[in-house]
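Text of entry_9.txt, listed as compact mmCIF, C-alpha atoms:
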```txt
# COMPACT_ATOMS: atom_id res chain seq x y z
CA MET A 1449 -231.03 -87.74 42.53
CA SER A 1450 -232.21 -91.23 43.23
CA ARG A 1451 -233.75 -93.31 40.46
CA ASN A 1452 -236.77 -93.84 42.68
CA PRO A 1453 -236.90 -91.72 45.86
CA GLU A 1454 -239.63 -94.02 47.23
CA GLU A 1455 -237.21 -96.95 47.15
CA PRO A 1456 -233.77 -95.73 48.27
CA VAL A 1457 -230.68 -97.84 47.70
CA TYR A 1458 -228.19 -97.85 50.58
CA ASN A 1459 -224.52 -98.59 50.01
CA ARG A 1460 -221.16 -99.07 51.69
CA ILE A 1461 -219.05 -97.62 48.89
CA GLU A 1462 -217.24 -95.07 51.07
CA GLU A 1463 -216.41 -97.66 53.72
CA ALA A 1464 -215.05 -100.12 51.15
CA ARG A 1465 -213.16 -97.41 49.27
CA VAL A 1466 -211.48 -96.05 52.40
CA ALA A 1467 -210.57 -99.60 53.48
CA LEU A 1468 -208.70 -100.02 50.19
CA GLY A 1469 -207.02 -96.63 50.58
CA LEU A 1470 -208.55 -95.27 47.39
CA SER A 1471 -209.52 -91.68 46.75
CA ARG A 1472 -212.81 -90.81 45.05
CA GLN A 1473 -210.86 -89.98 41.91
CA ASP A 1474 -209.11 -93.40 42.00
CA LEU A 1475 -212.42 -95.21 42.27
CA ALA A 1476 -213.96 -92.99 39.61
CA ASP A 1477 -211.11 -93.86 37.23
CA LYS A 1478 -211.53 -97.58 37.95
CA ALA A 1479 -215.30 -97.53 37.53
CA GLY A 1480 -215.20 -95.21 34.50
CA VAL A 1481 -217.32 -92.41 35.95
CA HIS A 1482 -216.77 -88.80 36.98
CA TYR A 1483 -215.47 -88.28 40.54
CA GLN A 1484 -218.57 -86.22 41.41
CA THR A 1485 -220.68 -89.28 40.64
CA ILE A 1486 -218.81 -91.23 43.32
CA GLY A 1487 -219.65 -88.43 45.76
CA TYR A 1488 -223.33 -88.58 44.82
CA LEU A 1489 -223.30 -92.38 45.22
CA GLU A 1490 -221.59 -92.25 48.62
CA ARG A 1491 -224.09 -89.69 49.88
CA GLU A 1492 -226.85 -91.98 48.54
CA GLU A 1493 -228.19 -89.14 46.43
CA TYR A 1494 -227.97 -91.26 43.30
CA SER A 1495 -228.77 -94.92 42.78
CA PRO A 1496 -226.58 -96.59 40.17
CA SER A 1497 -227.69 -98.79 37.32
CA LEU A 1498 -226.94 -102.51 37.63
CA VAL A 1499 -223.99 -102.18 35.24
CA LEU A 1500 -222.42 -99.38 37.29
CA ALA A 1501 -223.11 -101.23 40.56
CA LEU A 1502 -221.30 -104.27 39.14
CA ARG A 1503 -218.37 -102.12 37.96
CA ILE A 1504 -218.05 -100.44 41.36
CA ALA A 1505 -218.27 -103.78 43.19
CA LYS A 1506 -215.53 -105.19 40.93
CA SER A 1507 -213.36 -102.10 41.47
CA LEU A 1508 -213.72 -102.53 45.24
CA ASN A 1509 -213.25 -106.35 45.17
CA GLN A 1510 -216.70 -106.85 46.66
CA GLU A 1511 -219.95 -108.57 45.77
CA VAL A 1512 -222.80 -106.28 44.72
CA SER A 1513 -224.97 -107.71 47.52
CA ASP A 1514 -222.30 -106.78 50.10
CA LEU A 1515 -222.09 -103.25 48.79
CA PHE A 1516 -225.71 -102.33 48.03
CA SER A 1517 -228.92 -102.93 49.94
CA GLN A 1518 -232.50 -101.74 50.01
CA THR A 1519 -232.35 -101.61 53.80
CA PRO A 1520 -229.88 -99.48 55.79
CA PHE A 1521 -226.62 -101.22 56.73
CA LYS A 1522 -225.92 -101.82 60.38
CA LYS A 1523 -222.89 -99.83 61.53
CA GLY A 1524 -219.65 -101.79 61.82
CA LYS A 1525 -220.97 -104.77 59.85
CA MET B 942 -210.02 -100.45 27.60
CA TRP B 943 -207.34 -98.32 25.91
CA LYS B 944 -208.60 -96.48 22.86
CA LEU B 945 -206.66 -94.65 20.16
CA LYS B 946 -208.55 -91.44 20.87
CA ASP B 947 -207.36 -91.53 24.52
CA ALA B 948 -203.70 -91.27 23.50
CA LYS B 949 -202.12 -87.82 23.73
CA GLU B 950 -199.67 -88.61 20.93
CA ILE B 951 -198.38 -91.71 19.13
CA LYS B 952 -194.94 -92.20 17.60
CA ILE B 953 -194.94 -94.13 14.33
CA LEU B 954 -191.54 -94.64 12.61
CA GLY B 955 -190.17 -91.62 14.46
CA ILE B 956 -193.05 -89.37 13.41
CA THR B 957 -195.26 -87.99 16.17
CA VAL B 958 -198.95 -88.19 15.34
CA LYS B 959 -201.59 -86.51 17.45
CA PRO B 960 -205.00 -88.24 17.32
CA LYS B 961 -207.72 -86.07 15.82
CA ASN B 962 -209.89 -84.16 18.22
CA LYS B 963 -213.42 -85.32 17.47
CA ILE B 964 -215.88 -82.53 16.76
CA TYR B 965 -219.55 -83.03 17.64
CA TRP B 966 -221.19 -80.62 15.23
CA ILE B 967 -224.78 -81.02 16.44
CA GLU B 968 -223.86 -80.57 20.11
CA GLY B 969 -221.36 -77.78 19.31
CA VAL B 970 -218.57 -79.30 21.43
CA THR B 971 -215.25 -81.05 20.89
CA GLU B 972 -214.13 -84.22 22.63
CA LYS B 973 -211.04 -82.52 24.06
CA GLY B 974 -213.01 -79.48 25.17
CA VAL B 975 -215.50 -81.57 27.15
CA LYS B 976 -212.80 -83.83 28.62
CA ASP B 977 -210.79 -80.79 29.73
CA LEU B 978 -213.81 -79.30 31.46
CA LEU B 979 -214.71 -82.61 33.13
CA ASN B 980 -211.16 -83.07 34.38
CA ASN B 981 -210.98 -82.35 38.08
CA GLU B 982 -207.34 -81.27 37.83
CA ASN B 983 -208.21 -78.49 35.41
CA SER B 984 -208.21 -75.44 37.69
CA LYS B 985 -209.23 -73.03 34.94
CA PHE B 986 -212.55 -71.29 35.68
CA ARG B 987 -212.87 -73.17 38.99
CA TRP B 988 -214.41 -70.01 40.48
CA LEU B 989 -217.43 -70.59 38.24
CA ARG B 990 -218.23 -73.98 39.81
CA PRO B 991 -219.77 -73.06 43.24
CA GLN B 992 -223.56 -73.11 43.02
CA ARG B 993 -223.79 -69.51 44.29
CA ASN B 994 -221.60 -68.21 41.45
CA ARG B 995 -223.47 -70.33 38.93
CA ARG B 996 -226.77 -68.89 40.16
CA ILE B 997 -225.42 -65.32 39.87
CA LEU B 998 -224.43 -66.11 36.28
CA VAL B 999 -227.93 -67.46 35.55
CA ILE B 1000 -229.51 -64.26 36.96
CA LEU B 1001 -227.17 -62.07 34.88
CA MET B 1002 -227.94 -64.13 31.78
CA ALA B 1003 -231.70 -63.80 32.41
CA LEU B 1004 -231.30 -60.01 32.80
CA GLY B 1005 -229.28 -59.89 29.56
CA LEU B 1006 -232.00 -61.82 27.74
CA LEU B 1007 -234.65 -59.44 29.10
CA LEU B 1008 -232.61 -56.38 28.01
CA THR B 1009 -232.06 -57.85 24.53
CA SER B 1010 -235.75 -58.56 24.09
CA MET B 1011 -236.57 -55.02 25.26
CA GLY B 1012 -234.61 -53.78 22.24
CA SER B 1013 -237.65 -54.70 20.17
CA TYR B 1014 -239.71 -52.14 22.08
CA TRP B 1015 -237.08 -49.38 22.04
CA PRO B 1016 -239.06 -46.97 19.78
CA THR B 1017 -242.02 -47.18 22.19
CA LEU B 1018 -239.73 -46.84 25.24
CA LYS B 1019 -237.88 -43.91 23.65
CA THR B 1020 -241.14 -42.04 23.10
CA ASN B 1021 -242.24 -42.72 26.67
CA LEU B 1022 -238.86 -41.55 28.05
CA ASN B 1023 -238.93 -38.36 25.90
CA LEU B 1024 -235.37 -38.91 24.60
CA SER B 1025 -234.08 -36.86 21.65
CA THR B 1026 -233.21 -38.79 18.44
CA ASP B 1027 -229.42 -38.32 18.86
CA VAL B 1028 -229.36 -39.36 22.52
CA SER B 1029 -231.63 -42.33 21.91
CA LEU B 1030 -229.46 -43.52 18.98
CA ILE B 1031 -226.30 -43.40 21.14
CA VAL B 1032 -227.99 -45.06 24.13
CA PHE B 1033 -229.49 -47.77 21.93
CA THR B 1034 -226.29 -48.51 19.96
CA VAL B 1035 -224.00 -48.62 23.02
CA THR B 1036 -226.48 -50.74 25.01
CA ALA B 1037 -227.10 -53.13 22.09
CA ILE B 1038 -223.38 -53.73 21.47
CA PHE B 1039 -222.65 -54.15 25.18
CA VAL B 1040 -225.62 -56.44 25.86
CA ILE B 1041 -225.03 -58.71 22.85
CA PHE B 1042 -221.29 -58.98 23.69
CA ALA B 1043 -222.19 -59.73 27.34
CA MET B 1044 -224.70 -62.36 26.18
CA VAL B 1045 -222.11 -64.20 24.07
CA LEU B 1046 -219.64 -64.05 26.98
CA GLY B 1047 -222.33 -65.13 29.46
CA TYR B 1048 -223.34 -68.04 27.25
CA SER B 1049 -219.70 -69.22 27.00
CA PHE B 1050 -219.23 -68.92 30.80
CA LEU B 1051 -222.46 -70.78 31.41
CA ARG B 1052 -221.28 -73.73 29.32
CA ILE B 1053 -217.97 -73.75 31.19
CA ALA B 1054 -219.77 -73.49 34.56
CA VAL B 1055 -221.69 -76.72 33.89
CA ARG B 1056 -218.63 -78.40 32.32
CA SER B 1057 -220.51 -78.60 28.98
CA ILE B 1058 -222.61 -81.43 30.45
CA ALA B 1059 -225.76 -79.81 29.08
CA ASP B 1060 -224.36 -80.01 25.54
CA ALA B 1061 -222.10 -83.06 25.59
CA PRO B 1062 -223.04 -86.30 23.80
CA ASP B 1063 -223.76 -89.49 25.78
CA GLU B 1064 -220.41 -91.10 24.99
CA LEU B 1065 -218.50 -88.39 26.88
CA LEU B 1066 -220.67 -88.54 30.02
CA ASP B 1067 -221.36 -91.09 32.72
CA GLU B 1068 -224.87 -92.35 33.52
CA ARG B 1069 -225.55 -89.79 36.29
CA GLN B 1070 -224.42 -86.91 34.10
CA ILE B 1071 -226.66 -88.17 31.28
CA ALA B 1072 -229.61 -88.33 33.72
CA VAL B 1073 -228.85 -84.80 34.98
CA ARG B 1074 -228.57 -83.50 31.40
CA ASN B 1075 -231.85 -85.12 30.39
CA THR B 1076 -233.67 -83.70 33.42
CA SER B 1077 -232.29 -80.23 32.66
CA PHE B 1078 -233.52 -80.50 29.07
CA ARG B 1079 -236.98 -81.57 30.27
CA TYR B 1080 -237.27 -78.52 32.56
CA ALA B 1081 -235.75 -76.25 29.90
CA TYR B 1082 -238.25 -77.45 27.32
CA ARG B 1083 -241.19 -76.71 29.62
CA GLY B 1084 -239.66 -73.35 30.59
CA PHE B 1085 -239.11 -72.37 26.96
CA GLU B 1086 -242.69 -73.34 26.13
CA THR B 1087 -244.03 -71.08 28.89
CA ILE B 1088 -241.78 -68.15 27.95
CA ALA B 1089 -242.67 -68.52 24.24
CA LEU B 1090 -246.35 -68.40 25.19
CA ALA B 1091 -245.74 -65.23 27.25
CA VAL B 1092 -243.92 -63.63 24.28
CA ILE B 1093 -246.79 -64.51 21.92
CA LEU B 1094 -249.26 -62.94 24.38
CA LEU B 1095 -247.03 -59.83 24.61
CA MET B 1096 -247.00 -59.57 20.81
CA ILE B 1097 -250.79 -59.82 20.74
CA ILE B 1098 -251.74 -57.48 23.59
CA GLY B 1099 -248.55 -55.34 23.90
CA PRO B 1100 -247.26 -52.54 21.63
CA GLU B 1101 -247.22 -53.42 17.93
CA VAL B 1102 -244.05 -55.23 16.86
CA LYS B 1103 -243.03 -56.33 13.34
CA MET B 1104 -239.98 -58.13 12.02
CA PHE B 1105 -237.03 -56.18 10.53
CA GLN B 1106 -238.56 -52.73 10.80
CA PRO B 1107 -236.29 -49.74 10.05
CA GLU B 1108 -238.92 -47.61 11.80
CA GLY B 1109 -241.06 -48.69 14.74
CA ASN B 1110 -240.70 -51.70 17.03
CA ASP B 1111 -238.40 -54.30 15.44
CA GLY B 1112 -239.16 -57.87 16.52
CA SER B 1113 -235.72 -59.18 15.54
CA TYR B 1114 -234.29 -58.43 19.03
CA LEU B 1115 -237.06 -60.51 20.52
CA MET B 1116 -236.15 -63.27 18.07
CA ILE B 1117 -232.42 -63.03 18.96
CA SER B 1118 -233.16 -63.27 22.68
CA MET B 1119 -235.44 -66.29 22.09
CA LEU B 1120 -232.66 -68.00 20.13
CA PHE B 1121 -230.17 -67.29 22.95
CA LEU B 1122 -232.74 -68.51 25.47
CA GLY B 1123 -233.35 -71.75 23.57
CA SER B 1124 -229.68 -72.60 23.41
CA SER B 1125 -228.73 -71.54 26.94
CA LEU B 1126 -231.78 -72.64 28.96
CA PRO B 1127 -230.64 -76.26 29.56
CA SER B 1128 -227.30 -74.96 30.92
CA MET B 1129 -229.12 -72.32 32.97
CA VAL B 1130 -231.41 -74.96 34.51
CA MET B 1131 -228.45 -77.22 35.28
CA ALA B 1132 -226.36 -74.37 36.71
CA TRP B 1133 -229.24 -73.39 38.98
CA ARG B 1134 -230.35 -76.84 40.17
CA GLU B 1135 -227.22 -78.93 40.62
CA ARG B 1136 -225.34 -78.69 43.90
CA ASP B 1137 -222.09 -80.19 42.59
CA ILE B 1138 -221.03 -80.04 38.96
```

Rewrite the structure from the file as structure tokens, please.
Amino acid sequence: MSRNPEEPVYNRIEEARVALGLSRQDLADKAGVHYQTIGYLEREEYSPSLVLALRIAKSLNQEVSDLFSQTPFKKGK
Amino acid sequence: MWKLKDAKEIKILGITVKPKNKIYWIEGVTEKGVKDLLNNENSKFRWLRPQRNRRILVILMALGLLLTSMGSYWPTLKTNLNLSTDVSLIVFTVTAIFVIFAMVLGYSFLRIAVRSIADAPDELLDERQIAVRNTSFRYAYRGFETIALAVILLMIIGPEVKMFQPEGNDGSYLMISMLFLGSSLPSMVMAWRERDI
């Protein structure tokens, strides 16, 4: 359930999470959300609010702009 | 941030104190109850979580609601089925007790199946769960409106029904099923629509 299906938000949450060796539950605990929400975010079925995007970026030691984009990420970048 | 309510128990001067479990009277849930259901490690009632099982529960609940509302038209049905007074009394009593018990059980299972998200207050949910809950309420409200309109039309053009009638069609069963419908419809919508709960 995207906030606006016309304007999808792409992300690299799964890639960053796996790189840190975190499970979905670990990231959910850090970001203060339910683990299912992390699944929805990783599948790009839900676009987070700015506050949640900032919390996730902080939990993954990344900048929001590195993690979220309005255009699809190129693989391996 | 650590909060007092998150602590399982606190020891003060050798005395163990358990923080109070907050009760949300309007929502009809407790903080511990919702947190237990939201906890992934809680394996209780896990069989209720797959969407297929949730949808079966929604269908059973809808059938239960239909049966309960039909109780209002039992005198008319009884006449049409040519049942004797004794047989009809037994059939009606047994069915009514069974259906109402099943409805209460179904309603409880439905709330468990959706982890009480449809009833929980904002402070116990994350932003996606709040959005899902709000969408379910929006659909449930529209659904209830449509069903209420259908019931009003049935009362106008269908067999005569009056409230609390010892003889004739008693509208109180229709009222009971509408009350059950109103309280369980948001959970039913959520159980039906959401892929993962």

*Closest to A:Glu1462 among A:Glu1490, A:Leu1515, A:Ile1504, A:Gln1510, using all atoms listed in the file?*
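Checking each candidate against A:Glu1462, we get A:Glu1490 as the closest.
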
_For A:Val1481, find every residue with an atom within 12 Å (counting only C-alpha atoms), except residues of its own chain fewer than 5 positions away, and show them as a list in words._
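Near A:Val1481, the qualifying residues are Arg1472, Gln1473, Asp1474, Leu1475, Ala1476, Ile1486, Gly1487, Tyr1488, Leu1489, Pro1496, Val1499, Leu1500, Ala1501, Arg1503, Ile1504 and Ser1507 of chain A; Leu979, Asn980, Glu1064, Leu1065, Leu1066, Asp1067, Glu1068, Arg1069, Gln1070 and Ile1071 of chain B.
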
*Looking at all atoms listed in the file, which of B:Ala1081, B:Val1102, B:Lys976, B:Ile1038 is the one that sits closest to B:Thr1009?*
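For B:Thr1009, the nearest of the given residues is B:Ile1038.
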
*asked:* Would you compute the distance between atom CA of B:Gly969 and atom CA of B:Asp1060? Give it in Å to one decimal.
replied: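 Result for atom CA of B:Gly969 versus atom CA of B:Asp1060: 7.3 Å, one decimal.
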
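The coordinates place atom CA of B:Trp1015 at 11.8 Å from atom CA of B:Gln1106.
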
*Select all residues near (-225.3, -63.6, 30.0) (cut-off 9 Å, inclusive, file coordinates), counting all atoms listed in the file, and output them as number ranges by chain.*
B: 998-1006, 1040-1051

Take the residues from that selection and write them out as a compact mmCIF listing (two decimals), in the frame of the given file, keeping C-alpha atoms.
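What ended up in part-v7.txt:
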```txt
# COMPACT_ATOMS: atom_id res chain seq x y z
CA LEU B 998 -224.43 -66.11 36.28
CA VAL B 999 -227.93 -67.46 35.55
CA ILE B 1000 -229.51 -64.26 36.96
CA LEU B 1001 -227.17 -62.07 34.88
CA MET B 1002 -227.94 -64.13 31.78
CA ALA B 1003 -231.70 -63.80 32.41
CA LEU B 1004 -231.30 -60.01 32.80
CA GLY B 1005 -229.28 -59.89 29.56
CA LEU B 1006 -232.00 -61.82 27.74
CA VAL B 1040 -225.62 -56.44 25.86
CA ILE B 1041 -225.03 -58.71 22.85
CA PHE B 1042 -221.29 -58.98 23.69
CA ALA B 1043 -222.19 -59.73 27.34
CA MET B 1044 -224.70 -62.36 26.18
CA VAL B 1045 -222.11 -64.20 24.07
CA LEU B 1046 -219.64 -64.05 26.98
CA GLY B 1047 -222.33 -65.13 29.46
CA TYR B 1048 -223.34 -68.04 27.25
CA SER B 1049 -219.70 -69.22 27.00
CA PHE B 1050 -219.23 -68.92 30.80
CA LEU B 1051 -222.46 -70.78 31.41
```

_Considering only C-alpha atoms, can you say which of B:Arg987, B:Thr1026, B:Phe1121, B:Ile1058 comes closest to B:Glu972?_
B:Ile1058

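Separating atom CA of B:Met1131 from atom CA of B:Ala1059 is a distance of 7.2 Å.
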
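By only C-alpha atoms, and with residues fewer than 6 positions from A:Asn1509 along its chain excluded, the set lying at most 12 Å from it is Ile1461, Ala1464, Arg1465, Ala1467, Leu1468, Leu1475, Lys1478, Ala1479, Leu1502, Arg1503 and Leu1515 of chain A.
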